[in-house]
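K.L.:
Dropping a structure here in structure tokens format, bear with me for questions.
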There are 2 protein chains.
Amino acid sequence: MTPDLDARTKDFGREIFARLDRQGPVLFTRPWLEDKLMGLGMHDPALKVQLFRFVDTLPYLKEDTEVSRHLREYLGEAGDQLPRWVRRGMAWIPQRGLLSQLLAWQARSNAERMARKFIAGSNVAEAVQAVWRMRTRRLAFTIDLLGEATITEAEADHVQKQYLDLIRGLTHEVNAWPEEPIIDRDDRGPLPRVNVSVKLSALYSQFDPIDPEGTSRAVRRRLRPILALAKQTGAFVNFDMEQYSFKDTTLRIFREILTEPEFRDWPHVGIAIQAYLTDTEADLHQLLDWVKYERRCPVWIRLVKGAYWDYETVLAAQHGWPVPVFTQKWQSDANFEKLTEFLLANVEWLVPAFGSHNIRSIAHAMAVAEQLQVPPRRFEFQMLYGMADPIKEAIQSLGYRVRIYTPYGQLLPGMAYLVRRLLENSSNDSFLRQGFAEGLSEEVLLRNPCDLSLLLRPQPIEKPPMLATNGQTVTSPTSPKAPPDEHFQNEPLSDFSRATNRDQMAAALREVRSQFGRTYPVVIDNQSQPVAKTLDSLNPSRISERVGTVAVATVEQANAAVASCLRAFDAWRDTPVEERAAFLKRVAQQFRRRRFELAAWICLETGKPWRESDADVAEAIDFCEYYAIEMQKLGRPQHRDVPGEDNRYFYEPRGVAVVIAPWNFPLAILTGMTTAALVTGNTVVMKPAEQSAIVGAKLMECLQAAGLPPGVANFVPGVGEEIGPTLVQHPDVALIAFTGSLKVALMINEQAAKTPGGQNFVKKVIAEMGGKNAIIVDDDADLDEAIKGVVDSAFGYAGQKCSAGSRAIVLSGIYEQFLNRLVEATKSLTVAPADEPGCSVGPVIDAEARDRILKMIDIGRREARLVYQTDVGALATQGYFVGPTIFADVPETATIAQEEIFGPVLSVMRAQDLDDALRIANGVKYALTGACFSRSPTNLEKVKRKFRVGNLYINRKCTGALVDRQPFGGFKLSGIGSKAGGPDYLLQFLVPRTVTENQMRRGFAPEPDAVA
Amino acid sequence: MTPDLDARTKDFGREIFARLDRQGPVLFTRPWLEDKLMGLGMHDPALKVQLFRFVDTLPYLKEDTEVSRHLREYLGEAGDQLPRWVRRGMAWIPQRGLLSQLLAWQARSNAERMARKFIAGSNVAEAVQAVWRMRTRRLAFTIDLLGEATITEAEADHVQKQYLDLIRGLTHEVNAWPEEPIIDRDDRGPLPRVNVSVKLSALYSQFDPIDPEGTSRAVRRRLRPILALAKQTGAFVNFDMEQYSFKDTTLRIFREILTEPEFRDWPHVGIAIQAYLTDTEADLHQLLDWVKYERRCPVWIRLVKGAYWDYETVLAAQHGWPVPVFTQKWQSDANFEKLTEFLLANVEWLVPAFGSHNIRSIAHAMAVAEQLQVPPRRFEFQMLYGMADPIKEAIQSLGYRVRIYTPYGQLLPGMAYLVRRLLENSSNDSFLRQGFAEGLSEEVLLRNPCDLSLLLRPQPIEKPPMLATNGQTVTSPTSPKAPPDEHFQNEPLSDFSRATNRDQMAAALREVRSQFGRTYPVVIDNQSQPVAKTLDSLNPSRISERVGTVAVATVEQANAAVASCLRAFDAWRDTPVEERAAFLKRVAQQFRRRRFELAAWICLETGKPWRESDADVAEAIDFCEYYAIEMQKLGRPQHRDVPGEDNRYFYEPRGVAVVIAPWNFPLAILTGMTTAALVTGNTVVMKPAEQSAIVGAKLMECLQAAGLPPGVANFVPGVGEEIGPTLVQHPDVALIAFTGSLKVALMINEQAAKTPGGQNFVKKVIAEMGGKNAIIVDDDADLDEAIKGVVDSAFGYAGQKCSAGSRAIVLSGIYEQFLNRLVEATKSLTVAPADEPGCSVGPVIDAEARDRILKMIDIGRREARLVYQTDVGALATQGYFVGPTIFADVPETATIAQEEIFGPVLSVMRAQDLDDALRIANGVKYALTGACFSRSPTNLEKVKRKFRVGNLYINRKCTGALVDRQPFGGFKLSGIGSKAGGPDYLLQFLVPRTVTENQMRRGFAPEPDAVA
């Protein structure tokens, strides 16, 4: 930036400041709750969180007593972290009676009043009134329709209809008003008066960047009538920008639909672009190229900083993905200025609307425009309804057009919008907060953001992990109690919103298909064994495809594998822990190298959709890395020394381990059990499931490529009934690690407990079995989240996870509302072959599974009310497909409410209250996973205590456990051993030893550490 | 001290200094090894330890190659801690051949030369020569006979004979020499020329302060002829003082024998008294009273600082006992001066001999004597042979009598003496080191020790634990890696060298006997149940004594107990961890309060000797305290939080636990399993062994006194065969914790592994079974230690510990020597009723056990060579006694070498080399405990790696594991679960849970810790 430009920027800034009164109520008005919220929220993070959560929940609370209960609970939860006056005040919150009603009314009306400040109304008529008031102040508008998340196709249709109604309604009114030139014209002529903003994700329930093509097709179908009406009525349509993962798909849809012949010459269209994204500069260059050389008709660009900063940084940290936003506020501000200059330089093609309340940013745009001689009304400024009104007036008074982003809609979705605005305003980095609440000087506020880099304020959230370009996390936030050991990091899932990942997956699927039909032998001592009997492995999505042929191990081969393991045991046990850990890390490297290929094998052999196949490989990597690190910790003896006596406590492996794995996580679970056994020094007979033996063979390839010594792991695919008992009862087998059905687990446990003469140890059995997992939906649950969570849990991977949620236990108060929306959301799912990226529900594993599930559905029809079942149509013959199925009013004793189905079948059950829900949830023989959606802190505390399952999830789905973060496994009849991927897992593969050394000789003990 | 006295002290000191040449070789002569040892030892603790250990081992090494091997190993072990030149030098140590022979010869002759500096010879003739040389320098002598530890009665007889020979031999020679008045007379007449020093512990193999009466009787029997000969020949006898635990018994014997009519008028007798003991001042007052008012004839007091400082502090730290010595050197010096003044003031009764090389201490004695006008030769100074010769000369030249403490004996025991002297000289606090090697100024060296308190030098060993008067440890030495949690401390064992503990134990035995004959019912819900069938419990030491009568629970009562536990479970599970931990601590308090009473019950019901009964109670206390602390740690959830997602990993109890305990640790093991189950939140059915059900009833009393809620633990004594299967197979029993026989454990494991319909969990079995534990004796082992270790391991508690050592695997080179001495040591054991304090081997538990053991002995007679069996005589009918039995040349496949006998039967086996020994040791189906005695660092490293047992002990017995320090338990057929009293034990009683809470709402996640 030239010094001239900076000086002009400051001139404009000072002029704006001169025109506004910084003492007045720029941000806030009187109401108690609002004042408290904003005032306290700025200085008290705990209170801010709790009050905002309370406000978010408020519209859901039907009873007055519920309001006071929630307020009490939210404040109670923050406990000691609250200021003393708040804690004292809590005692005064009435629990019931007139005072409670009064409080509820007060809270509601305050919240509503607050919301009304930012939301222009709850219907078109109110929105029109608001617009009229703005016109009287010479302010333009764009209207945005607030809505709940679109999780059903019915909702998407409804959104479309609302936009059509809105445009019609506004056109009728607004175009009849007298012209206001400053807003209705620019330097070249009239502008559309009616201006609407559209969120694309509201127009399609399955909006998903993994399938940009399908998503674009569906969105455009609903968008076209809206654009057509707008074009026809002379209205303007802006495409809003949402979270980062939707950006590329949104841009794609924008370009695709505006290149359609019907719209390619239409200039009254724009898109929001976020300056806080590091991608944005490149995106704008691409847009410019497209608009200049392809479409040849300008579009508007609403340049904003971006409203999802918290979300993006947290999400990136959670996934171990690169942070897509600038992590310092000044960087976003600087980028905004840079992009401002780019847009104004290309104003003929990309017409800028600067969306900011930051006077420096605004002044800078003015100065740049002046320098480039862009007329003041060729572009415009945009600000939010209800915020910073004096700034709007000041800018307007300088002759610029100011357009107000004006949301309208119901209170329910409105609260979400309200909370986002409140957060924005109370953020430490907010210009408005700094400028008005904290009263920083003009000089500071108008400083060039690049100068600020040396004067950083603390960031409002802890630094998210920075990722190197290879996708490996460099640093990350962790529990402060983590030991100073090498730190485990979950392998990031592939981000399929990135084209490069989608392309690699598609290529891997092609490549793997080209390898179909091969034969996979038994491998003992790293030698392929002669193949006699075999089994074919078919693609469950397309049973005409034979993925390959796998040898069926004989009993002799099973015995030979055990003998080989026994031979290899001594040397492997005596291999230093560091070397065994290094071996696991090399296996992980093999997985990384072949990541998409392995995911493709999984997808094609087991009918697992893209994301879940990818997650399977990531989890396998996690097991290798986690167990390697855990074993390094366990490998260090624990000392309990006293003067004259050294005591060491350490571990040794048990011997030969047999690993019997299931097909549903064909790589991850087989890898997890195998690497746990290996890193602890045991040798392993690996028996994969018949249905996923090829993926098992791929694991064996990776082990060998990582330098597996002969016999340390042997690969013995085969039929469980044939070789299982041989392996389990073999007198040289010390340990059996099994994941699979309850029946088989109990049989193994019983067989292994027999200790015949000559077997000089008691066998150890580690078993993980099934689940009948429930999701409790409290009556104050956020239904957007709850329904999405239940659908994902019940129908993800066609319900074929031990962790799948097969019971939804819904509180009476919300039961019908939940059920109706759930059915609609389920209807909206895409049942498809797993190798198609848009597949939300794929096939089940084989014909036996399909028939078993269909039989259970038949039983369900007799026991309960079938409310929905997807007709899979032609897929039924193409593969092993079962449509997602929902039973309602299921009695708690019903077979479908008690037995594991392992398919896409959900039982919805009604509970009178939370205690009843907990009783039902716990009333099964399993205890694996569970979830609860609620916004009552007290209820959540109770659920955490009393919902007794191995893995409980609060306000999220009950599947998708990550190694280390959510060690996986249950009790009751869900598991025998402890949690896989958790701190106690490896202990099961080990026996502890103690060595005590008397150091005293001749009455003399060396000083501590004198001798190693 | 008056300023005058201090001034005179300094005058004397300066005079002494003036008479000696501090530059000369006061301490050291030329030989290479000695120079290196002393020079390096002072500055390099690691090297010092290793070189001293090498010297200690040297006399045992028969082959030259063994010498170079050991040197290489000792230096190798210190590794990085050695100075670089030593590490470089190690490469040059020859392994075999001529150079190796040369090195061995050099090492041996250097060590011998060193030893010869401190030891006057290896036989009487050489001793006489040395004495003659001293006389020529006008120095008197007292002769001390160096010997190995006396661990057999034959050795004690031999020591007696040697003293008699010594006195005769010396008298014959020395009294014929011309008189040397300065040493042969004091101011009143002639003094005995012949002067010998006697260690009382050398005169009785079972010298044990727990039984002062029996010990005194045995020692006096052998001492009497020595004193009689001395009296008759006009010689002087001094009683040496050894470790603190022997002090009171030594004083008692001194007083008892010198009050006998034959010796009460004999003045030529004395005793050594240690100024470093805090007790000593009181002891001297008692001695004065005794000598003045009872004996009425003076004795000599040799006042020394004390030579066991390291040993005493380490032992106290290891046992958690009060440190008996002053922990600061200046305190001992000050006490020495205080006692000097006391003795010189009472010189008519307690004639002092000041044993010190410290010129300040010596000068102080001179000044005090001058002040009190005690003639210079009424008392004397004593110093060690071979040390500080110039000081001796200087003092002698001032007209004082100086007597030289002159040891003679074989090189083997001599090395121990040598090492102690080397250590003394190289200690940081040594006056000689400070005065001569470090050259501190006279002013500093002569300072009043009380002034030094502000100028402390660092202590050579880390601070030992200080104990409060109530016996509770206040601080203690621990591994620097110990977590910052509440720190576990082992409950100190009762120190039976203290009269108060012996008296309390005797009183408790009387009190418990007065309660014999009572009836103990089943207790359910804290209610005593009606008694129908009963069993009598007899005292195994005296089967005519009925200890009491115990109800035999019916199957109905067993079922009722489970039902009660199930009812109590929910509330107990939900009781906060802190409260459950506090409950355990209250139980521990009950145990402490009733400590001797409980020990008496154990002693009388199970025939367990005093020390082991006491240890049983201490271990029960340890389990309570340890599990309480461990559960507090486990009770804190482990966090794995990421932004926007809280993850907690925590534990829950399993349900109803059945605890089935053995009789051999009747309180400790029942308490351990029960409290582990309770503190983790399970409820418990306690089934004690039939043979120790009364001790079980006492535990139930303690639990109730500590506030046991009804049903949380129920007491169900009974017959295993009757109620065992009911309890184990009960569908409401989630966990069985069993300690006992292999056969029963395997049956329980098999029964529990069946999971019938309706039982909604898989039972957990924790079992600890038997052992066939071996002790390997390497050919360089310290035989004193090895034999004592084997005898203790094999015959302690009549071999009735799972940990008992029932196989001694001895390397060929030392086999005969070991076996002979072992038999003698075993012969010397006292087989007696367990309630007698002097009992070293008590009865076995019951007639069935006795018969089973005798049958095994019969089998042994056919399989191997019976080399010794104690005839128990009349005890055979009084109780269930089996005499300690030793078989030699036992083949490794013999039944007595493979099967657990659980009685006082030891198999001695010959091994060709260490690998052979390890092969034999590991060649059984058990893997519980083991030990190895060796002084080869390399062999010990191999043993630690390859002797695969749960608890391995180096250079100590294989019994006596302590909670936390030596978590106890094995693998193979010795155990299923992990180690009791160890860090993983409680996990078995728990199931892990994970709770994941999505903290993100509306795209906003609270800052970490914003909400609890």
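By order of appearance in the structure tokens: chains A, B, ..., then residues from 1 within every chain, and ligands from 1 in the order shown.
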Using DSSP on the backbone, list every residue of stretch 117-322 of chain A that comes out as helix (DSSP H, G or I), and give them as a VMD selection string.
P.N.:
chain A and resid 117 to 118 124 to 136 153 to 174 181 to 184 200 to 203 212 to 233 244 to 259 280 to 295 309 to 319
K.L.:
Tell me which protein, DNA and RNA residues are within 7 Å of B:Pro298, counting only C-alpha atoms, leaving out same-chain ones fewer than 5 positions away, and put them as a count of residues only.
P.N.:
5
K.L.:
Closest to chain A among B:Tyr60, B:Tyr417, B:Tyr400, B:Tyr405, using only C-alpha atoms?
P.N.:
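Result for the nearest residue to chain A: B:Tyr417.
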K.L.:
Could you give me the residues within stretch 677-716 of chain B that DSSP places in strand (DSSP E), as an MDAnalysis selection string?
P.N.:
chainID B and resid 683:687 713:715
K.L.:
Just write the chosen residues, C-alpha atoms, as a short mmCIF file (atom, residue, chain, number, x, y, z; two decimals), in the first residue's frame.
P.N.:
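Listing of result-v5.cif after writing:
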```
data_model
loop_
_atom_site.label_atom_id
_atom_site.label_comp_id
_atom_site.auth_asym_id
_atom_site.auth_seq_id
_atom_site.Cartn_x
_atom_site.Cartn_y
_atom_site.Cartn_z
CA THR B 683 -20.17 -55.59 46.62
CA VAL B 684 -18.60 -58.70 48.05
CA VAL B 685 -19.45 -62.16 49.26
CA MET B 686 -16.45 -63.08 51.45
CA LYS B 687 -15.72 -66.75 51.78
CA ALA B 713 -19.84 -57.19 52.16
CA ASN B 714 -21.36 -60.39 53.51
CA PHE B 715 -19.46 -62.99 55.49
#
```
K.L.:
Of the candidates B:Ala847, B:Leu139, B:Ala275, B:Ala794, which shows the shortest atom-to-atom distance to B:Gly399, using only C-alpha atoms?
P.N.:
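Once distances to B:Gly399 are computed over only C-alpha atoms, the minimum belongs to B:Leu139.
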K.L.:
Skipping near chain neighbours, those fewer than 6 positions away, what residues fall within 7 Å of stretch 780-782 of chain A using only C-alpha atoms, listed as a list in words?
P.N.:
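Near neighbours after the sequence-gap exclusion: Tyr60, Leu61, Phe933, Ser934 and Arg935 of chain A.
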K.L.:
Please produce a file of those selected residues containing N, CA, C and O atoms, as a PDB file, in the first residue's frame.
P.N.:
```
ATOM      1  N   TYR A  60     -37.216 -23.459  22.569  1.00  0.00           N
ATOM      2  CA  TYR A  60     -37.694 -24.832  22.653  1.00  0.00           C
ATOM      3  C   TYR A  60     -38.503 -25.090  23.918  1.00  0.00           C
ATOM      4  O   TYR A  60     -39.128 -26.128  24.049  1.00  0.00           O
ATOM      5  N   LEU A  61     -38.428 -24.174  24.863  1.00  0.00           N
ATOM      6  CA  LEU A  61     -38.994 -24.455  26.177  1.00  0.00           C
ATOM      7  C   LEU A  61     -40.447 -24.036  26.208  1.00  0.00           C
ATOM      8  O   LEU A  61     -40.771 -22.855  26.068  1.00  0.00           O
ATOM      9  N   PHE A 933     -29.312 -36.475  23.166  1.00  0.00           N
ATOM     10  CA  PHE A 933     -29.417 -35.092  22.724  1.00  0.00           C
ATOM     11  C   PHE A 933     -30.261 -34.343  23.732  1.00  0.00           C
ATOM     12  O   PHE A 933     -31.420 -34.724  23.983  1.00  0.00           O
ATOM     13  N   SER A 934     -29.698 -33.338  24.347  1.00  0.00           N
ATOM     14  CA  SER A 934     -30.417 -32.567  25.352  1.00  0.00           C
ATOM     15  C   SER A 934     -29.706 -31.234  25.505  1.00  0.00           C
ATOM     16  O   SER A 934     -28.520 -31.109  25.208  1.00  0.00           O
ATOM     17  N   ARG A 935     -30.459 -30.238  25.972  1.00  0.00           N
ATOM     18  CA  ARG A 935     -29.807 -28.976  26.298  1.00  0.00           C
ATOM     19  C   ARG A 935     -30.015 -28.602  27.757  1.00  0.00           C
ATOM     20  O   ARG A 935     -29.869 -27.449  28.132  1.00  0.00           O
TER      21      ARG A 935
END
```
K.L.:
From the set A:Asp536, A:Glu242, A:Asp525, A:Asp11, which residue has the shortest atom-to-atom contact distance to chain B, counting only C-alpha atoms?
P.N.:
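Once distances to chain B are computed over only C-alpha atoms, the minimum belongs to A:Glu242.
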K.L.:
Residues near A:Asp184, anyone? I mean within 8 Å using only C-alpha atoms, not counting same-chain ones fewer than 5 positions away, as a ChimeraX atom specification.
P.N.:
/A:140,179,190-193
K.L.:
Given only C-alpha atoms as the basis, pick out the residue of A:Ala149, A:Leu98, A:Ile93, A:Ala628 nearest to chain B.
P.N.:
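Distance minimum relative to chain B lands on A:Ala149.
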K.L.:
Show which residues sit within 7 Å of A:Asp310, as a list in words. Count only C-alpha atoms, and ignore same-chain residues fewer than 4 positions away.
P.N.:
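Listing them by chain and then by number gives Val314 of chain A; Gly1003, Phe1004 and Ala1005 of chain B.
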K.L.:
Mind checking which residues fall within 6 Å of B:Thr534, counting only C-alpha atoms, ignoring those fewer than 6 positions away in the same chain, and posting them as a list of chain:residue names?
P.N.:
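Residues near the query, excluding close chain neighbours: B:Val550, B:Ala551, B:Val552.
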